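A short worksheet on the structure shown next.
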Amino acid sequence: MASRYNHAIQRVLAKLEASINSENYYEAHQMYRTLYFRYLGQKKYSELLELLYNGSTLLLQHEQHASGADLGILFVNVLTQSGTEPSQDYFEKITNLFSIMSPLSPERDVFVQSALRWSIKNTDYKIGHPDLHQKIAQVFWREKNYVMARQHFIYSRDGSGCAAMLVELHEQRGYKNEIDLFIAQAVLQYLCLQNKTTAQEVFNSYTSQHPKINRGPPYLLPLLNFLFFLLKIVDSGKLAVFTVLCEQYRISLNRDPCYRQYLDKIGQLFFNVPSPRPRNQGLFGTLLQSFFNGLEDEGSDDEQRNIASTSQTAQELD
């Protein structure tokens, strides 16, 4: 029985080879799918993964975009069904397939989303492994799809790569007065994801690589000084300092209404600020109320002196 079954597979493989040699890619795609179901039934996962990867690569290189992407999706399905652990080797294979898929192919998004779901297996990540996000971001960056590149960089740990992309994006498509806005959103979003290390890296890299930013600190742009101080205090947990910092840079922070939402979240994550009530004043109302309540409870003269000192330093820098 097994011999007959193996003989049948060999006949399909022979048909597949003949289809490829005659450039009959439609028939080749059907042969790949036939082998997919047969190998899957026998749980020959290793052979099947190699077959699907090579088949997807071949079809995509011959501009059979829908068929090639279909085999790529099946490749990820096998990774999932076989319980294969995420690894750099498979991240590379996924990225290689993704890079040769047509950006206009609707299957491409299905492929990458399936791959990201698989990549979190047995990890603490919820929205995809950061190393896979980084590789996908690099592909989008090469395609000059800055929106998607930025989105995937934010979920990666590649602060220097993200910074280089943001510098390029600002120089090519940004306004002169937006130089600080480009980095501010990235730093705040990394902090909202509790990725302080990458937030620091992207800030350092951007401010050192961008040719229009003076060496700091202090910086000529107030928002950059705010980010510099924020990164210094996030590990302290000192709500009073955080509150004064936000108040000191209120004008700069009002340039983008999203900053209030990000800082509310950062306050909750790093400074134990309670979640805002549905009809409160948002960031500053929540922070100031918590701050003054803390002063009443503690009656701490030392804390007040620290606040005054921080406020004076911030004024001097701007």
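Simple scheme: letters A, B, ... for chains in structure tokens order, numbers from 1 for residues in each chain, numbers from 1 for ligands in the order shown.
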Tell me which protein, DNA and RNA residues are within 8 Å of range 107-113 of chain A, counting only C-alpha atoms, leaving out same-chain ones fewer than 4 positions away, and put them as a PDB file with all heavy atoms, in the first residue's frame.
```
ATOM      1  N   ALA A  66      -0.637  35.378  -8.230  1.00  0.00           N
ATOM      2  CA  ALA A  66      -1.709  34.775  -7.432  1.00  0.00           C
ATOM      3  C   ALA A  66      -1.345  33.343  -7.031  1.00  0.00           C
ATOM      4  O   ALA A  66      -1.522  32.941  -5.865  1.00  0.00           O
ATOM      5  CB  ALA A  66      -3.022  34.799  -8.207  1.00  0.00           C
ATOM      6  N   ALA A  69       1.625  33.371  -4.498  1.00  0.00           N
ATOM      7  CA  ALA A  69       1.192  33.806  -3.169  1.00  0.00           C
ATOM      8  C   ALA A  69       0.357  32.730  -2.494  1.00  0.00           C
ATOM      9  O   ALA A  69       0.438  32.531  -1.276  1.00  0.00           O
ATOM     10  CB  ALA A  69       0.396  35.103  -3.278  1.00  0.00           C
ATOM     11  N   ASP A  70      -0.448  32.007  -3.278  1.00  0.00           N
ATOM     12  CA  ASP A  70      -1.254  30.913  -2.728  1.00  0.00           C
ATOM     13  C   ASP A  70      -0.360  29.854  -2.102  1.00  0.00           C
ATOM     14  O   ASP A  70      -0.633  29.383  -0.982  1.00  0.00           O
ATOM     15  CB  ASP A  70      -2.108  30.302  -3.836  1.00  0.00           C
ATOM     16  CG  ASP A  70      -2.903  29.094  -3.353  1.00  0.00           C
ATOM     17  OD1 ASP A  70      -3.764  29.266  -2.461  1.00  0.00           O
ATOM     18  OD2 ASP A  70      -2.651  27.973  -3.852  1.00  0.00           O
ATOM     19  N   GLY A  72       2.608  30.371  -0.987  1.00  0.00           N
ATOM     20  CA  GLY A  72       3.201  31.001   0.191  1.00  0.00           C
ATOM     21  C   GLY A  72       2.273  30.919   1.395  1.00  0.00           C
ATOM     22  O   GLY A  72       2.722  30.656   2.518  1.00  0.00           O
ATOM     23  N   ILE A  73       0.999  31.139   1.168  1.00  0.00           N
ATOM     24  CA  ILE A  73       0.015  31.043   2.257  1.00  0.00           C
ATOM     25  C   ILE A  73      -0.053  29.606   2.767  1.00  0.00           C
ATOM     26  O   ILE A  73      -0.119  29.366   3.981  1.00  0.00           O
ATOM     27  CB  ILE A  73      -1.362  31.528   1.769  1.00  0.00           C
ATOM     28  CG1 ILE A  73      -1.322  33.037   1.498  1.00  0.00           C
ATOM     29  CG2 ILE A  73      -2.451  31.203   2.802  1.00  0.00           C
ATOM     30  CD1 ILE A  73      -2.548  33.571   0.795  1.00  0.00           C
ATOM     31  N   VAL A  76       2.856  28.926   5.112  1.00  0.00           N
ATOM     32  CA  VAL A  76       2.627  29.389   6.484  1.00  0.00           C
ATOM     33  C   VAL A  76       1.624  28.487   7.195  1.00  0.00           C
ATOM     34  O   VAL A  76       1.769  28.203   8.393  1.00  0.00           O
ATOM     35  CB  VAL A  76       2.141  30.848   6.483  1.00  0.00           C
ATOM     36  CG1 VAL A  76       1.817  31.311   7.903  1.00  0.00           C
ATOM     37  CG2 VAL A  76       3.194  31.767   5.875  1.00  0.00           C
ATOM     38  N   PHE A  98       7.772  37.290   0.699  1.00  0.00           N
ATOM     39  CA  PHE A  98       7.050  38.557   0.771  1.00  0.00           C
ATOM     40  C   PHE A  98       7.663  39.593  -0.165  1.00  0.00           C
ATOM     41  O   PHE A  98       6.944  40.357  -0.827  1.00  0.00           O
ATOM     42  CB  PHE A  98       7.072  39.071   2.213  1.00  0.00           C
ATOM     43  CG  PHE A  98       6.331  40.361   2.413  1.00  0.00           C
ATOM     44  CD1 PHE A  98       4.948  40.403   2.416  1.00  0.00           C
ATOM     45  CD2 PHE A  98       7.023  41.551   2.597  1.00  0.00           C
ATOM     46  CE1 PHE A  98       4.265  41.595   2.593  1.00  0.00           C
ATOM     47  CE2 PHE A  98       6.354  42.747   2.773  1.00  0.00           C
ATOM     48  CZ  PHE A  98       4.964  42.766   2.777  1.00  0.00           C
ATOM     49  N   MET A 101       6.589  39.005  -3.811  1.00  0.00           N
ATOM     50  CA  MET A 101       5.156  39.079  -4.112  1.00  0.00           C
ATOM     51  C   MET A 101       4.825  40.473  -4.631  1.00  0.00           C
ATOM     52  O   MET A 101       5.444  41.466  -4.231  1.00  0.00           O
ATOM     53  CB  MET A 101       4.320  38.793  -2.860  1.00  0.00           C
ATOM     54  CG  MET A 101       4.342  37.356  -2.409  1.00  0.00           C
ATOM     55  SD  MET A 101       3.303  37.094  -0.938  1.00  0.00           S
ATOM     56  CE  MET A 101       3.651  35.360  -0.608  1.00  0.00           C
ATOM     57  N   SER A 102       3.856  40.557  -5.494  1.00  0.00           N
ATOM     58  CA  SER A 102       3.443  41.854  -6.017  1.00  0.00           C
ATOM     59  C   SER A 102       2.818  42.700  -4.916  1.00  0.00           C
ATOM     60  O   SER A 102       1.926  42.221  -4.204  1.00  0.00           O
ATOM     61  CB  SER A 102       2.428  41.668  -7.148  1.00  0.00           C
ATOM     62  OG  SER A 102       1.834  42.907  -7.500  1.00  0.00           O
ATOM     63  N   PRO A 103       3.251  43.949  -4.764  1.00  0.00           N
ATOM     64  CA  PRO A 103       2.628  44.824  -3.764  1.00  0.00           C
ATOM     65  C   PRO A 103       1.133  45.022  -4.006  1.00  0.00           C
ATOM     66  O   PRO A 103       0.406  45.399  -3.087  1.00  0.00           O
ATOM     67  CB  PRO A 103       3.399  46.140  -3.922  1.00  0.00           C
ATOM     68  CG  PRO A 103       4.706  45.746  -4.520  1.00  0.00           C
ATOM     69  CD  PRO A 103       4.394  44.597  -5.435  1.00  0.00           C
ATOM     70  N   ARG A 117       0.830  35.915  12.760  1.00  0.00           N
ATOM     71  CA  ARG A 117       0.102  35.120  13.766  1.00  0.00           C
ATOM     72  C   ARG A 117       0.903  33.879  14.150  1.00  0.00           C
ATOM     73  O   ARG A 117       0.971  33.512  15.325  1.00  0.00           O
ATOM     74  CB  ARG A 117      -1.275  34.724  13.221  1.00  0.00           C
ATOM     75  CG  ARG A 117      -2.305  35.850  13.250  1.00  0.00           C
ATOM     76  CD  ARG A 117      -3.715  35.316  13.033  1.00  0.00           C
ATOM     77  NE  ARG A 117      -3.869  34.731  11.708  1.00  0.00           N
ATOM     78  CZ  ARG A 117      -4.230  35.405  10.632  1.00  0.00           C
ATOM     79  NH1 ARG A 117      -4.475  36.706  10.724  1.00  0.00           N
ATOM     80  NH2 ARG A 117      -4.362  34.798   9.467  1.00  0.00           N
TER      81      ARG A 117
END
```
Discussion item. Applying 10 Å and only C-alpha atoms, which residues near Ser46 in chain A remain after dropping the ones on its own chain fewer than 3 positions away? List them as a ChimeraX atom specification.
Written reply: /A:39,43,49-51,78-79,82,84
Item to complete: Show which residues sit within 10 Å of Leu253 in chain A, as JSON, numbers by chain. Count only C-alpha atoms, and ignore same-chain residues fewer than 6 positions away.
Response: {"A": [181, 184, 222, 223, 226, 246, 247, 259, 260, 263]}
Discussion item. For a quick check of understanding, using only C-alpha atoms, which of A:Met31, A:Ala115, A:Ala163, A:Val147 has the smallest distance to Glu201 in chain A?
Written reply: A:Ala163
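Across the structure, CA of Glu85 in chain A and CA of Lys121 in chain A are spaced 6.8 Å apart.
Residue nearest Leu74 in chain A within the list A:Leu35, A:Leu221, A:Val167, A:Ala18: A:Leu35 [criterion: smallest interatomic distance, only C-alpha atoms].
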Worksheet item: Could you pull out all residues of range 3-221 of chain A with a DSSP call of alpha helix (DSSP H) and give them as a count of residues only?
Response: 163
